[in-house]
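*Asks:* Dropping in entry18.cif, which is mmCIF, C-alpha atoms:
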```
data_coords
#
loop_
_atom_site.label_atom_id
_atom_site.label_comp_id
_atom_site.auth_asym_id
_atom_site.auth_seq_id
_atom_site.Cartn_x
_atom_site.Cartn_y
_atom_site.Cartn_z
CA MET A 1 76.35 19.21 84.37
CA PHE A 2 73.98 16.81 86.06
CA LEU A 3 71.15 19.03 84.91
CA ASP A 4 72.40 19.68 81.41
CA HIS A 5 72.72 16.00 80.82
CA ARG A 6 69.04 15.53 81.46
CA TYR A 7 67.84 18.56 79.56
CA GLN A 8 66.41 16.40 76.81
CA MET A 9 66.07 13.24 78.82
CA VAL A 10 63.29 14.40 81.07
CA GLN A 11 61.20 15.37 78.07
CA SER A 12 61.48 11.89 76.61
CA LEU A 13 60.78 10.49 80.07
CA ARG A 14 57.65 12.62 80.18
CA ASN A 15 56.51 11.20 76.88
CA GLY A 16 57.43 7.69 77.98
CA VAL A 17 55.36 7.79 81.13
CA ASN A 18 52.44 9.63 79.57
CA PHE A 19 50.61 6.33 80.06
CA PHE A 20 50.83 6.80 83.84
CA THR A 21 50.54 10.56 84.09
CA TYR A 22 47.34 10.64 82.06
CA PRO A 23 45.14 8.88 84.66
CA VAL A 24 46.51 11.11 87.42
CA ARG A 25 45.69 14.19 85.42
CA VAL A 26 42.23 12.90 84.69
CA VAL A 27 41.63 12.24 88.38
CA VAL A 28 42.79 15.77 89.27
CA SER A 29 40.52 17.33 86.70
CA ALA A 30 37.56 15.06 87.57
CA PRO A 31 36.06 17.20 90.38
CA PHE A 32 35.92 20.20 88.05
CA GLU A 33 34.23 18.16 85.37
CA LEU A 34 31.84 16.71 87.92
CA GLY A 35 31.01 20.26 89.00
CA GLY A 36 30.25 21.24 85.43
CA TRP A 37 28.19 18.10 84.91
CA LEU A 38 26.18 18.76 88.08
CA LEU A 39 25.60 22.35 87.06
CA GLU A 40 24.31 21.15 83.71
CA ASN A 41 22.08 18.45 85.14
CA LEU A 42 20.63 20.44 87.99
CA ALA A 43 19.70 23.39 85.81
CA THR A 44 16.00 24.15 85.86
CA ARG A 45 13.75 23.78 82.88
CA GLN A 46 13.29 27.56 82.65
CA THR A 47 17.01 28.24 82.55
CA LEU A 48 17.49 25.61 79.90
CA MET A 49 14.67 27.00 77.80
CA ALA A 50 15.97 30.54 78.11
CA GLU A 51 19.44 29.37 77.19
CA ASN A 52 18.07 27.42 74.25
CA ARG A 53 16.18 30.46 73.02
CA SER A 54 19.17 32.77 73.22
CA LEU A 55 21.39 30.18 71.55
CA ARG A 56 18.91 29.77 68.74
CA ALA A 57 18.77 33.53 68.20
CA GLN A 58 22.55 33.65 68.22
CA ASN A 59 22.68 30.76 65.78
CA THR A 60 20.43 32.55 63.31
CA LEU A 61 22.56 35.65 63.58
CA ILE A 62 25.78 33.73 63.02
CA LYS A 63 24.32 31.82 60.10
CA ALA A 64 23.24 35.06 58.47
CA GLN A 65 26.75 36.42 58.85
CA LEU A 66 28.15 33.17 57.52
CA GLN A 67 26.11 33.46 54.32
CA LYS A 68 27.73 36.78 53.64
CA LEU A 69 31.12 35.31 54.49
CA ALA A 70 30.68 32.49 51.98
CA ALA A 71 29.86 34.96 49.24
CA LEU A 72 32.81 37.14 50.20
CA GLU A 73 35.14 34.17 50.27
CA VAL A 74 34.15 33.10 46.79
CA GLU A 75 34.60 36.63 45.56
CA ASN A 76 37.97 36.81 47.23
CA ILE A 77 39.07 33.54 45.62
CA ARG A 78 37.97 34.83 42.24
CA LEU A 79 39.73 38.15 42.63
CA ARG A 80 42.87 36.46 43.81
CA GLY A 81 42.54 34.11 40.89
CA LEU A 82 42.57 37.11 38.58
CA LEU A 83 45.76 38.25 40.26
CA ASP A 84 47.13 34.71 39.89
CA SER A 85 47.99 34.47 43.58
CA THR A 86 47.32 31.55 45.89
CA PHE A 87 44.65 31.50 48.51
CA LYS A 88 44.14 29.36 51.55
CA ILE A 89 40.65 27.96 51.78
CA ALA A 90 38.96 27.25 55.10
CA ASP A 91 41.11 25.48 57.67
CA LYS A 92 40.19 22.11 59.13
CA VAL A 93 39.60 21.89 62.85
CA ILE A 94 39.50 19.22 65.55
CA ILE A 95 37.74 19.76 68.85
CA ALA A 96 39.80 19.12 71.97
CA GLU A 97 38.97 19.36 75.65
CA ILE A 98 41.10 21.02 78.27
CA LEU A 99 42.12 19.04 81.35
CA GLN A 100 41.86 21.21 84.43
CA VAL A 101 45.41 20.94 85.66
CA ASP A 102 48.09 23.45 86.54
CA LEU A 103 51.64 22.92 85.40
CA GLU A 104 54.81 24.76 86.37
CA PRO A 105 53.92 27.91 88.33
CA PHE A 106 54.27 31.25 86.50
CA THR A 107 54.03 29.65 83.09
CA GLN A 108 50.86 29.78 81.04
CA ARG A 109 50.45 26.24 79.84
CA ILE A 110 47.50 23.91 79.63
CA VAL A 111 46.95 20.24 78.86
CA ILE A 112 44.47 19.03 76.26
CA ASN A 113 43.09 15.55 75.78
CA LYS A 114 44.44 14.98 72.29
CA GLY A 115 47.72 13.31 71.50
CA ASN A 116 49.57 10.91 69.26
CA LYS A 117 46.88 8.28 69.56
CA ASP A 118 44.55 10.44 67.48
CA ASN A 119 46.94 10.53 64.56
CA SER A 120 45.76 7.33 62.91
CA GLU A 121 43.09 8.89 60.75
CA GLU A 122 44.41 11.29 58.19
CA MET A 123 42.34 14.22 59.34
CA GLU A 124 42.83 13.82 63.06
CA ASN A 125 46.36 15.02 63.28
CA VAL A 126 48.02 16.59 66.28
CA TYR A 127 51.50 17.95 65.82
CA GLU A 128 53.96 20.25 67.51
CA GLY A 129 53.44 23.87 66.56
CA GLN A 130 49.76 23.42 65.78
CA ALA A 131 47.62 26.43 66.63
CA LEU A 132 44.60 26.37 68.95
CA ILE A 133 41.63 28.68 68.81
CA ASP A 134 38.44 29.07 70.77
CA SER A 135 35.24 30.80 69.72
CA GLU A 136 36.77 34.25 70.22
CA GLY A 137 40.34 34.04 69.03
CA ILE A 138 43.70 32.34 69.11
CA VAL A 139 44.52 30.47 72.31
CA GLY A 140 48.06 29.21 71.77
CA GLN A 141 50.10 26.49 70.17
CA ILE A 142 51.05 22.92 70.96
CA VAL A 143 54.57 22.62 72.30
CA ASP A 144 54.65 18.97 73.21
CA VAL A 145 52.65 16.01 71.94
CA GLY A 146 52.25 12.99 74.20
CA PHE A 147 50.33 9.79 73.64
CA PHE A 148 47.08 10.74 75.35
CA THR A 149 47.61 14.42 76.03
CA SER A 150 49.42 17.39 74.58
CA THR A 151 50.81 20.47 76.26
CA VAL A 152 49.77 23.85 74.95
CA MET A 153 51.63 27.11 75.43
CA LEU A 154 49.11 29.94 75.66
CA ILE A 155 49.81 33.20 73.85
CA THR A 156 50.21 34.80 77.30
CA ASP A 157 53.10 32.51 78.31
CA PRO A 158 56.25 34.51 79.06
CA ASN A 159 58.02 32.54 76.32
CA ALA A 160 55.31 33.01 73.70
CA SER A 161 55.21 35.49 70.86
CA ILE A 162 52.71 35.79 68.08
CA PRO A 163 53.05 37.83 64.89
CA VAL A 164 50.01 40.07 64.51
CA LYS A 165 48.77 42.92 62.41
CA VAL A 166 46.32 45.68 63.17
CA ASN A 167 43.08 44.80 61.41
CA ARG A 168 42.31 48.44 60.62
CA ASN A 169 45.45 49.32 58.66
CA GLY A 170 47.64 46.21 58.41
CA LEU A 171 50.36 47.53 60.71
CA ARG A 172 52.51 44.55 61.64
CA ALA A 173 53.75 43.85 65.14
CA ILE A 174 54.79 41.08 67.49
CA ALA A 175 52.74 40.39 70.59
CA ASN A 176 54.64 38.88 73.51
CA GLY A 177 53.06 37.18 76.48
CA ASN A 178 54.17 38.31 79.90
CA GLY A 179 52.74 35.69 82.22
CA SER A 180 49.48 37.35 83.23
CA VAL A 181 46.39 35.85 81.74
CA ASP A 182 44.82 39.06 80.40
CA LYS A 183 47.76 41.01 79.00
CA LEU A 184 49.94 40.92 75.91
CA GLU A 185 52.71 43.35 75.15
CA LEU A 186 53.41 44.65 71.66
CA VAL A 187 57.08 45.23 71.08
CA HIS A 188 58.96 47.50 68.68
CA ILE A 189 56.07 49.84 67.89
CA PRO A 190 57.39 53.29 66.90
CA ASN A 191 56.07 56.24 68.89
CA ASN A 192 54.29 57.69 65.88
CA ALA A 193 52.71 54.43 64.67
CA ASP A 194 49.03 54.48 63.81
CA ILE A 195 47.70 52.33 66.61
CA LYS A 196 45.14 53.21 69.25
CA PRO A 197 43.12 51.54 72.00
CA GLY A 198 40.27 49.46 70.60
CA ASP A 199 42.18 48.26 67.55
CA ILE A 200 41.67 44.58 66.84
CA LEU A 201 44.84 42.58 66.29
CA VAL A 202 44.63 39.58 63.96
CA SER A 203 47.31 37.00 63.34
CA SER A 204 49.42 37.88 60.32
CA GLY A 205 50.49 34.33 59.48
CA MET A 206 54.13 35.32 59.40
CA GLY A 207 56.47 32.83 60.99
CA GLN A 208 54.37 30.00 59.59
CA ARG A 209 53.18 28.88 63.02
CA TYR A 210 49.81 30.48 63.52
CA PRO A 211 47.29 30.55 60.68
CA SER A 212 46.63 34.04 59.37
CA ARG A 213 43.60 36.27 59.91
CA TYR A 214 42.35 34.89 63.20
CA PRO A 215 41.58 37.49 65.86
CA VAL A 216 44.16 37.58 68.65
CA ALA A 217 43.71 40.58 70.92
CA VAL A 218 42.35 44.07 71.30
CA VAL A 219 44.65 46.99 72.08
CA THR A 220 43.95 48.37 75.54
CA LYS A 221 46.67 50.90 76.19
CA VAL A 222 49.15 52.87 74.10
CA ILE A 223 51.78 54.82 75.99
CA PRO A 224 54.03 56.82 73.66
CA ASP A 225 57.33 57.69 75.26
CA PRO A 226 59.30 60.34 73.35
CA SER A 227 62.45 59.59 75.32
CA ALA A 228 62.40 55.89 74.37
CA PRO A 229 62.75 54.47 70.87
CA TYR A 230 59.48 52.56 71.08
CA ALA A 231 56.06 53.07 72.56
CA THR A 232 54.65 50.75 75.21
CA VAL A 233 51.55 49.03 73.88
CA TYR A 234 49.37 46.58 75.79
CA ALA A 235 46.60 44.38 74.45
CA ARG A 236 44.03 42.02 75.96
CA PRO A 237 43.65 38.55 74.39
CA LEU A 238 40.23 38.00 72.85
CA ALA A 239 40.19 34.26 73.60
CA LYS A 240 38.74 33.52 77.02
CA LEU A 241 41.98 32.00 78.23
CA SER A 242 41.00 31.55 81.86
CA GLN A 243 37.61 29.97 81.27
CA VAL A 244 37.81 27.94 78.07
CA ARG A 245 36.74 24.29 78.25
CA ASN A 246 36.79 23.34 74.58
CA VAL A 247 39.33 24.45 72.04
CA LEU A 248 39.74 23.87 68.32
CA LEU A 249 42.95 22.55 66.85
CA VAL A 250 43.46 24.26 63.53
CA LYS A 251 45.03 22.42 60.65
CA PRO A 252 45.80 24.88 57.88
CA GLN A 253 44.98 23.58 54.40
CA GLU A 254 47.63 23.42 51.76
CA PRO A 255 47.69 26.58 49.66
CA ASN A 256 45.23 26.19 46.84
CA SER A 257 47.36 25.96 43.72
CA THR A 258 44.62 25.47 41.16
CA LYS A 259 44.28 27.95 38.33
CA PRO A 260 41.57 30.60 38.44
CA ARG A 261 39.45 28.81 35.83
CA ASP A 262 39.29 25.65 37.89
CA ILE A 263 38.10 27.56 40.90
CA THR A 264 35.28 29.23 39.06
CA GLN A 265 34.25 25.88 37.63
CA ALA A 266 34.40 24.26 41.04
CA GLU A 267 32.19 26.95 42.44
CA GLY A 268 29.73 26.49 39.58
CA LYS A 269 29.88 30.13 38.60
CA PRO A 270 30.85 31.73 35.32
CA MET B 1 56.89 -7.23 107.70
CA ARG B 2 53.32 -6.87 106.61
CA GLN B 3 52.96 -3.61 108.48
CA ARG B 4 56.01 -2.23 106.75
CA ARG B 5 54.62 -3.04 103.35
CA GLY B 6 51.40 -1.21 104.18
CA GLY B 7 53.54 1.69 105.37
CA ILE B 8 55.38 1.88 102.05
CA GLY B 9 52.07 1.86 100.20
CA PHE B 10 50.86 4.74 102.31
CA VAL B 11 54.05 6.73 101.73
CA ILE B 12 53.66 6.31 97.98
CA PHE B 13 50.02 7.24 98.26
CA SER B 14 50.81 10.42 100.24
CA VAL B 15 53.43 11.44 97.67
CA LEU B 16 50.93 10.88 94.87
CA VAL B 17 48.30 12.95 96.67
CA ALA B 18 50.86 15.72 97.20
CA ILE B 19 51.62 15.74 93.47
CA MET B 20 47.92 15.81 92.67
CA LEU B 21 47.37 18.71 95.07
CA SER B 22 50.13 20.57 93.27
CA MET B 23 48.20 20.17 90.00
CA VAL B 24 44.71 21.19 91.11
CA GLN B 25 43.74 24.24 89.19
CA MET B 26 43.77 27.54 91.05
CA PRO B 27 42.26 30.86 89.97
CA SER B 28 44.77 33.16 88.33
CA TRP B 29 44.84 35.64 91.22
CA ALA B 30 46.13 32.86 93.46
CA GLN B 31 49.07 32.14 91.21
CA GLY B 32 52.15 31.43 93.28
CA LEU B 33 50.19 31.19 96.54
CA ARG B 34 49.82 27.42 96.36
CA PRO B 35 51.77 25.62 99.08
CA GLU B 36 54.33 23.18 97.71
CA PHE B 37 52.94 20.00 99.20
CA LEU B 38 55.49 17.59 97.84
CA PRO B 39 58.52 19.05 99.71
CA LEU B 40 56.44 19.11 102.89
CA VAL B 41 55.46 15.46 102.56
CA VAL B 42 59.02 14.46 101.69
CA ILE B 43 60.42 16.41 104.66
CA PHE B 44 57.92 14.66 106.90
CA TRP B 45 58.88 11.16 105.80
CA VAL B 46 62.59 11.90 105.82
CA VAL B 47 62.60 13.26 109.38
CA THR B 48 60.20 10.58 110.62
CA TYR B 49 61.97 7.54 109.17
CA PRO B 50 65.48 8.82 108.37
CA GLU B 51 66.81 5.27 108.31
CA ARG B 52 64.42 4.27 105.53
CA PHE B 53 63.81 7.40 103.47
CA GLY B 54 66.85 9.36 102.49
CA ILE B 55 68.01 11.56 99.67
CA GLY B 56 67.30 8.85 97.09
CA PHE B 57 63.65 8.96 98.07
CA ALA B 58 63.67 12.77 97.87
CA TRP B 59 65.32 12.67 94.45
CA THR B 60 62.76 10.19 93.11
CA CYS B 61 59.87 12.33 94.33
CA GLY B 62 61.47 15.40 92.75
CA LEU B 63 61.81 13.57 89.46
CA ALA B 64 58.13 12.62 89.63
CA LEU B 65 57.22 16.29 90.12
CA ASP B 66 59.49 17.14 87.17
CA ILE B 67 57.55 14.77 84.99
CA PHE B 68 54.18 16.18 85.97
CA ARG B 69 55.19 19.81 85.73
CA ASP B 70 55.55 20.36 82.03
CA GLY B 71 57.40 23.53 81.21
CA ALA B 72 59.96 23.07 83.96
CA ILE B 73 63.62 22.62 83.12
CA GLY B 74 64.20 18.88 83.17
CA GLY B 75 65.51 17.79 86.55
CA GLN B 76 65.15 21.08 88.40
CA TYR B 77 62.89 19.62 91.06
CA ALA B 78 64.92 16.42 91.31
CA LEU B 79 68.01 18.44 92.20
CA THR B 80 66.12 20.78 94.51
CA MET B 81 64.42 17.97 96.38
CA LEU B 82 67.74 16.16 96.67
CA LEU B 83 69.26 19.13 98.50
CA ILE B 84 66.15 19.62 100.66
CA GLY B 85 66.26 15.94 101.55
CA PHE B 86 69.93 16.22 102.45
CA VAL B 87 69.35 19.15 104.82
CA ALA B 88 66.28 17.46 106.29
CA ILE B 89 68.19 14.27 107.04
CA LYS B 90 71.01 16.29 108.61
CA ILE B 91 68.66 18.00 111.07
CA HIS B 92 66.19 15.16 111.63
CA GLN B 93 67.21 14.55 115.25
CA ARG B 94 66.55 18.13 116.26
CA PHE B 95 63.52 18.40 114.01
CA ALA B 96 61.79 15.45 115.69
CA MET B 97 62.13 17.12 119.09
CA TYR B 98 60.58 20.41 118.04
CA PRO B 99 57.00 21.39 118.80
CA VAL B 100 54.87 21.85 115.71
CA TRP B 101 55.22 25.63 115.46
CA GLN B 102 58.98 25.36 115.58
CA GLN B 103 58.86 22.65 112.95
CA ALA B 104 56.84 25.04 110.81
CA LEU B 105 59.51 27.69 111.28
CA THR B 106 62.20 25.23 110.26
CA THR B 107 60.08 24.26 107.29
CA PHE B 108 59.97 27.90 106.32
CA PHE B 109 63.75 27.99 106.03
CA LEU B 110 63.79 24.72 104.11
CA MET B 111 61.21 26.11 101.70
CA LEU B 112 63.23 29.29 101.39
CA LEU B 113 66.18 27.12 100.42
CA PHE B 114 63.92 25.27 97.98
CA GLN B 115 62.84 28.49 96.28
CA CYS B 116 66.39 29.89 96.33
CA ILE B 117 67.72 26.87 94.45
CA LEU B 118 64.83 27.08 92.00
CA PHE B 119 65.60 30.78 91.60
CA PHE B 120 69.19 29.98 90.64
CA ILE B 121 68.26 27.15 88.29
CA LYS B 122 65.55 29.16 86.57
CA GLY B 123 67.80 32.18 86.35
CA MET B 124 70.48 30.14 84.64
CA GLY B 125 68.01 28.39 82.37
CA GLY B 126 66.29 31.61 81.36
CA THR B 127 62.89 30.54 82.64
CA LEU B 128 62.66 32.96 85.54
CA HIS B 129 59.65 35.07 84.67
CA GLU B 130 58.44 36.22 88.04
CA PHE B 131 60.37 38.82 89.96
CA SER B 132 57.73 40.03 92.39
CA TRP B 133 56.89 38.82 95.90
CA ARG B 134 54.78 36.07 94.35
CA PHE B 135 57.82 33.96 93.65
CA TRP B 136 58.58 33.77 97.37
CA ALA B 137 54.96 33.63 98.53
CA THR B 138 54.89 29.86 98.40
CA CYS B 139 57.42 29.75 101.29
CA PHE B 140 54.88 31.43 103.57
CA THR B 141 51.88 29.42 102.41
CA SER B 142 53.87 26.20 102.71
CA THR B 143 54.80 27.14 106.27
CA LEU B 144 51.14 27.68 107.06
CA ALA B 145 50.31 24.32 105.49
CA TRP B 146 52.89 22.40 107.51
CA PRO B 147 50.77 21.92 110.70
CA PHE B 148 47.97 20.42 108.60
CA VAL B 149 50.32 18.14 106.68
CA TRP B 150 51.95 17.13 109.95
CA LEU B 151 48.62 16.46 111.68
CA PHE B 152 47.27 14.44 108.79
CA LEU B 153 50.37 12.36 108.17
CA THR B 154 51.02 11.71 111.89
CA GLY B 155 47.44 10.63 112.39
CA MET B 156 47.52 8.34 109.41
CA ARG B 157 50.89 6.91 110.38
CA ASN B 158 49.72 6.05 113.90
CA ARG B 159 46.56 4.45 112.57
CA ILE B 160 48.47 2.34 110.09
CA ARG B 161 50.88 1.26 112.75
CA LEU B 162 48.03 0.15 115.00
CA ALA B 163 46.27 -1.75 112.27
#
```
As structure tokens, what does this structure read like?
*Replies:*
Amino acid sequence: MFLDHRYQMVQSLRNGVNFFTYPVRVVVSAPFELGGWLLENLATRQTLMAENRSLRAQNTLIKAQLQKLAALEVENIRLRGLLDSTFKIADKVIIAEILQVDLEPFTQRIVINKGNKDNSEEMENVYEGQALIDSEGIVGQIVDVGFFTSTVMLITDPNASIPVKVNRNGLRAIANGNGSVDKLELVHIPNNADIKPGDILVSSGMGQRYPSRYPVAVVTKVIPDPSAPYATVYARPLAKLSQVRNVLLVKPQEPNSTKPRDITQAEGKP
Amino acid sequence: MRQRRGGIGFVIFSVLVAIMLSMVQMPSWAQGLRPEFLPLVVIFWVVTYPERFGIGFAWTCGLALDIFRDGAIGGQYALTMLLIGFVAIKIHQRFAMYPVWQQALTTFFLMLLFQCILFFIKGMGGTLHEFSWRFWATCFTSTLAWPFVWLFLTGMRNRIRLA
């Protein structure tokens, strides 16, 4: 009774004292940041140059791929326009930093340095349910927005689920977290489903929480069990959940409701 | 009077440090192996100054931990610490007479109680996700941490008293 009464109260208390908890969290995460800073500043010239070179090569590669992507996207918009269906254009993102703090043991939650205070400008908008990605894939979603910080539930949290589909054939599934940082479990996959290790899982956008078509995980193990109704399928998250420092908050754009003609005009193509 | 004020400041400081230690990031293989510093510190102060720090103090510290540990059921640590504080204050006379290793052993049982209550609360709230030995591992690591907590806090207490 005592506990039930405060079920919601502690959460509001948490938000209320975010002013005081923020400095403590910053102090806790400071040594880690100092370590990273030292590592950066004490790096030798050679290492920096080598890193620069490899980054530049990578950049060229990514830009080349991006060119193709732009063309494909325009083509996709046009084709969808012909079908008279809506299409979501590129999502807006905000960069956030992770504070190096642990929360409740056996949950997979992190704290980021974005909160209500960033909501003043129209683009900078942090809200509950917002999805986070890193350079490799989906990280998780915001479950609680404070003033300075927000709490993020990773996709590997025991309470987290994410709707996915197999990139190869569009087979839909739900990936549940189970508390370990490198494992997701796919539930309700029939024994004869077309899924095999190495398949990339992308978010399907169902459930309206996570934006669609972001990579989520790669299937690692499929164990069909004829005596059980469903096969046991495990996947490994693509996002580097245990070593990310920066994450991107994704803000999905409103579905583009313009008519096909407008799109072609906007793109400057016949 | 002035000494007492300094003492209170140090108690608050030690509680804050304990909370910070419980937030320092650990590698994922060490999950669940972190000693629970806050109960240890609270047990220390309750058995050392039972006339000043009682179950109210324990409850407040538990609530502070609740606030910092997002993802916990609201109030679970407040309730748990309250009960730990109650047991600690009941046995404080015997506890103060024990040598350190026996104190550590007693701490082990207090931590076992701590985890048991958490086990019940989490089980009822549906947030119990860990069924392996890891859930109970913190009892052992906390026991191992007790001598260090004891040494540090006793040393600091004596120094503050002298000052």
*Asks:* My list of candidates is A:Pro237, A:Pro23, A:Gly35, A:Gly137. Which is closest to Met20 (chain B) when distances are computed with only C-alpha atoms?
*Replies:* A:Pro23
*Asks:* Contacts of Pro50 (chain B) at 9 Å or less, counting only C-alpha atoms, minus same-chain residues fewer than 4 places along, as a list in words?
*Replies:*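 After dropping sequence-adjacent residues, the list is Trp45, Val46, Gly54, Ala88, Ile89 and His92 of chain B.
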*Asks:* Specify as a ChimeraX atom specification all residues of chain A found within 10 Å of chain B, counting only C-alpha atoms.
*Replies:* /A:2-18,21-22,24-25,27-29,31-32,99-111,143-144,151-153,157-159,178-182,242-243
*Asks:* Can you give me, as a short mmCIF file (atom, residue, chain, number, x, y, z; two decimals) with C-alpha atoms, keeping the file's coordinate frame, the residues this file yields under the PyMOL selection byres ((chain B and resi 11) around 10)?
*Replies:*
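Once written, result_32.cif looks like this:
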```cif
data_model
loop_
_atom_site.label_atom_id
_atom_site.label_comp_id
_atom_site.auth_asym_id
_atom_site.auth_seq_id
_atom_site.Cartn_x
_atom_site.Cartn_y
_atom_site.Cartn_z
CA ARG B 5 54.62 -3.04 103.35
CA GLY B 6 51.40 -1.21 104.18
CA GLY B 7 53.54 1.69 105.37
CA ILE B 8 55.38 1.88 102.05
CA GLY B 9 52.07 1.86 100.20
CA PHE B 10 50.86 4.74 102.31
CA ILE B 12 53.66 6.31 97.98
CA PHE B 13 50.02 7.24 98.26
CA SER B 14 50.81 10.42 100.24
CA VAL B 15 53.43 11.44 97.67
CA LEU B 16 50.93 10.88 94.87
CA VAL B 17 48.30 12.95 96.67
CA VAL B 41 55.46 15.46 102.56
CA VAL B 42 59.02 14.46 101.69
CA TRP B 45 58.88 11.16 105.80
CA PHE B 53 63.81 7.40 103.47
CA LEU B 153 50.37 12.36 108.17
CA ARG B 157 50.89 6.91 110.38
#
```
*Asks:* Excluding Leu151 (chain B) and residues on its chain fewer than 3 positions from it, collect all residues at most 12 Å away from it, counting only C-alpha atoms, and give them as a ChimeraX atom specification.
*Replies:* /B:41,44,100-101,104,145-148,154-158
*Asks:* Assuming the chain letters and numbering stay as they are in my file, what does the PyMOL selection byres ((chain A and resi 247) around 9) actually select? List them as a list of chain:residue names.
*Replies:*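 When the PyMOL selection byres ((chain A and resi 247) around 9) is applied, the selected residues are A:Ile94, A:Ile95, A:Ala96, A:Glu97, A:Ile98, A:Ile112, A:Leu132, A:Ile133, A:Asp134, A:Ser135, A:Val139, A:Val244, A:Arg245, A:Asn246, A:Leu248, A:Leu249.
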*Asks:* To one decimal place, how far is CA of Thr141 (chain B) from CA of Glu36 (chain B) in Å?
*Replies:*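 We find that CA of Thr141 (chain B) and CA of Glu36 (chain B) lie 8.2 Å from each other.
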*Asks:* Just the residues within 9 Å of region 202-219 of chain A, please, counting all atoms listed in the file, with nothing from its chain fewer than 6 positions along; format it as a ChimeraX atom specification.
*Replies:* /A:91,129-133,136-141,155,162-167,170,172-173,184,195-196,233-239,250-252
*Asks:* Set the distance at 10 Å and use all atoms listed in the file: which residues neighbour Phe108 (chain B) once local chain neighbours fewer than 5 positions away are removed? I'd like the list as a list in words.
*Replies:*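 Returned residues: Gln102, Gln103, Leu113, Phe114, Thr138, Cys139, Phe140, Thr141, Ser142, Thr143, Leu144 and Trp146 of chain B.
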*Asks:* Could you tell me how far CA of Gly123 (chain B) sits from CA of Thr107 (chain B), in Å to one decimal place?
*Replies:*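 About the pair CA of Thr107 (chain B) and CA of Gly123 (chain B): they are 23.7 Å apart.
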*Asks:* Can you tell me how far CA of Gln46 (chain A) sits from CA of Ile62 (chain A), in Å to one decimal?
*Replies:*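 Spanning CA of Gln46 (chain A) to CA of Ile62 (chain A) is a straight-line distance of 24.1 Å.
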*Asks:* Please write out, as lines of an AutoDock Vina configuration file, where the centre of an axis-aligned box around all listed atoms of region 121-129 of chain B lies and how long its edges are, in Å to one decimal, after adding 5 Å on each side.
*Replies:*
```
center_x = 65.1
center_y = 31.1
center_z = 84.8
size_x = 20.8
size_y = 17.9
size_z = 16.9
```
*Asks:* Expand the PyMOL selection byres ((chain B and resi 82) around 8) into the explicit residue set it covers here, and present it as a PyMOL selection string.
*Replies:* chain B and resi 55-56+58-59+62+78-81+83-86
*Asks:* With C-alpha atoms retained, export the selected residues as a short mmCIF file (atom, residue, chain, number, x, y, z; two decimals), keeping the file's coordinate frame.
*Replies:*
```
data_model
loop_
_atom_site.label_atom_id
_atom_site.label_comp_id
_atom_site.auth_asym_id
_atom_site.auth_seq_id
_atom_site.Cartn_x
_atom_site.Cartn_y
_atom_site.Cartn_z
CA ILE B 55 68.01 11.56 99.67
CA GLY B 56 67.30 8.85 97.09
CA ALA B 58 63.67 12.77 97.87
CA TRP B 59 65.32 12.67 94.45
CA GLY B 62 61.47 15.40 92.75
CA ALA B 78 64.92 16.42 91.31
CA LEU B 79 68.01 18.44 92.20
CA THR B 80 66.12 20.78 94.51
CA MET B 81 64.42 17.97 96.38
CA LEU B 83 69.26 19.13 98.50
CA ILE B 84 66.15 19.62 100.66
CA GLY B 85 66.26 15.94 101.55
CA PHE B 86 69.93 16.22 102.45
#
```
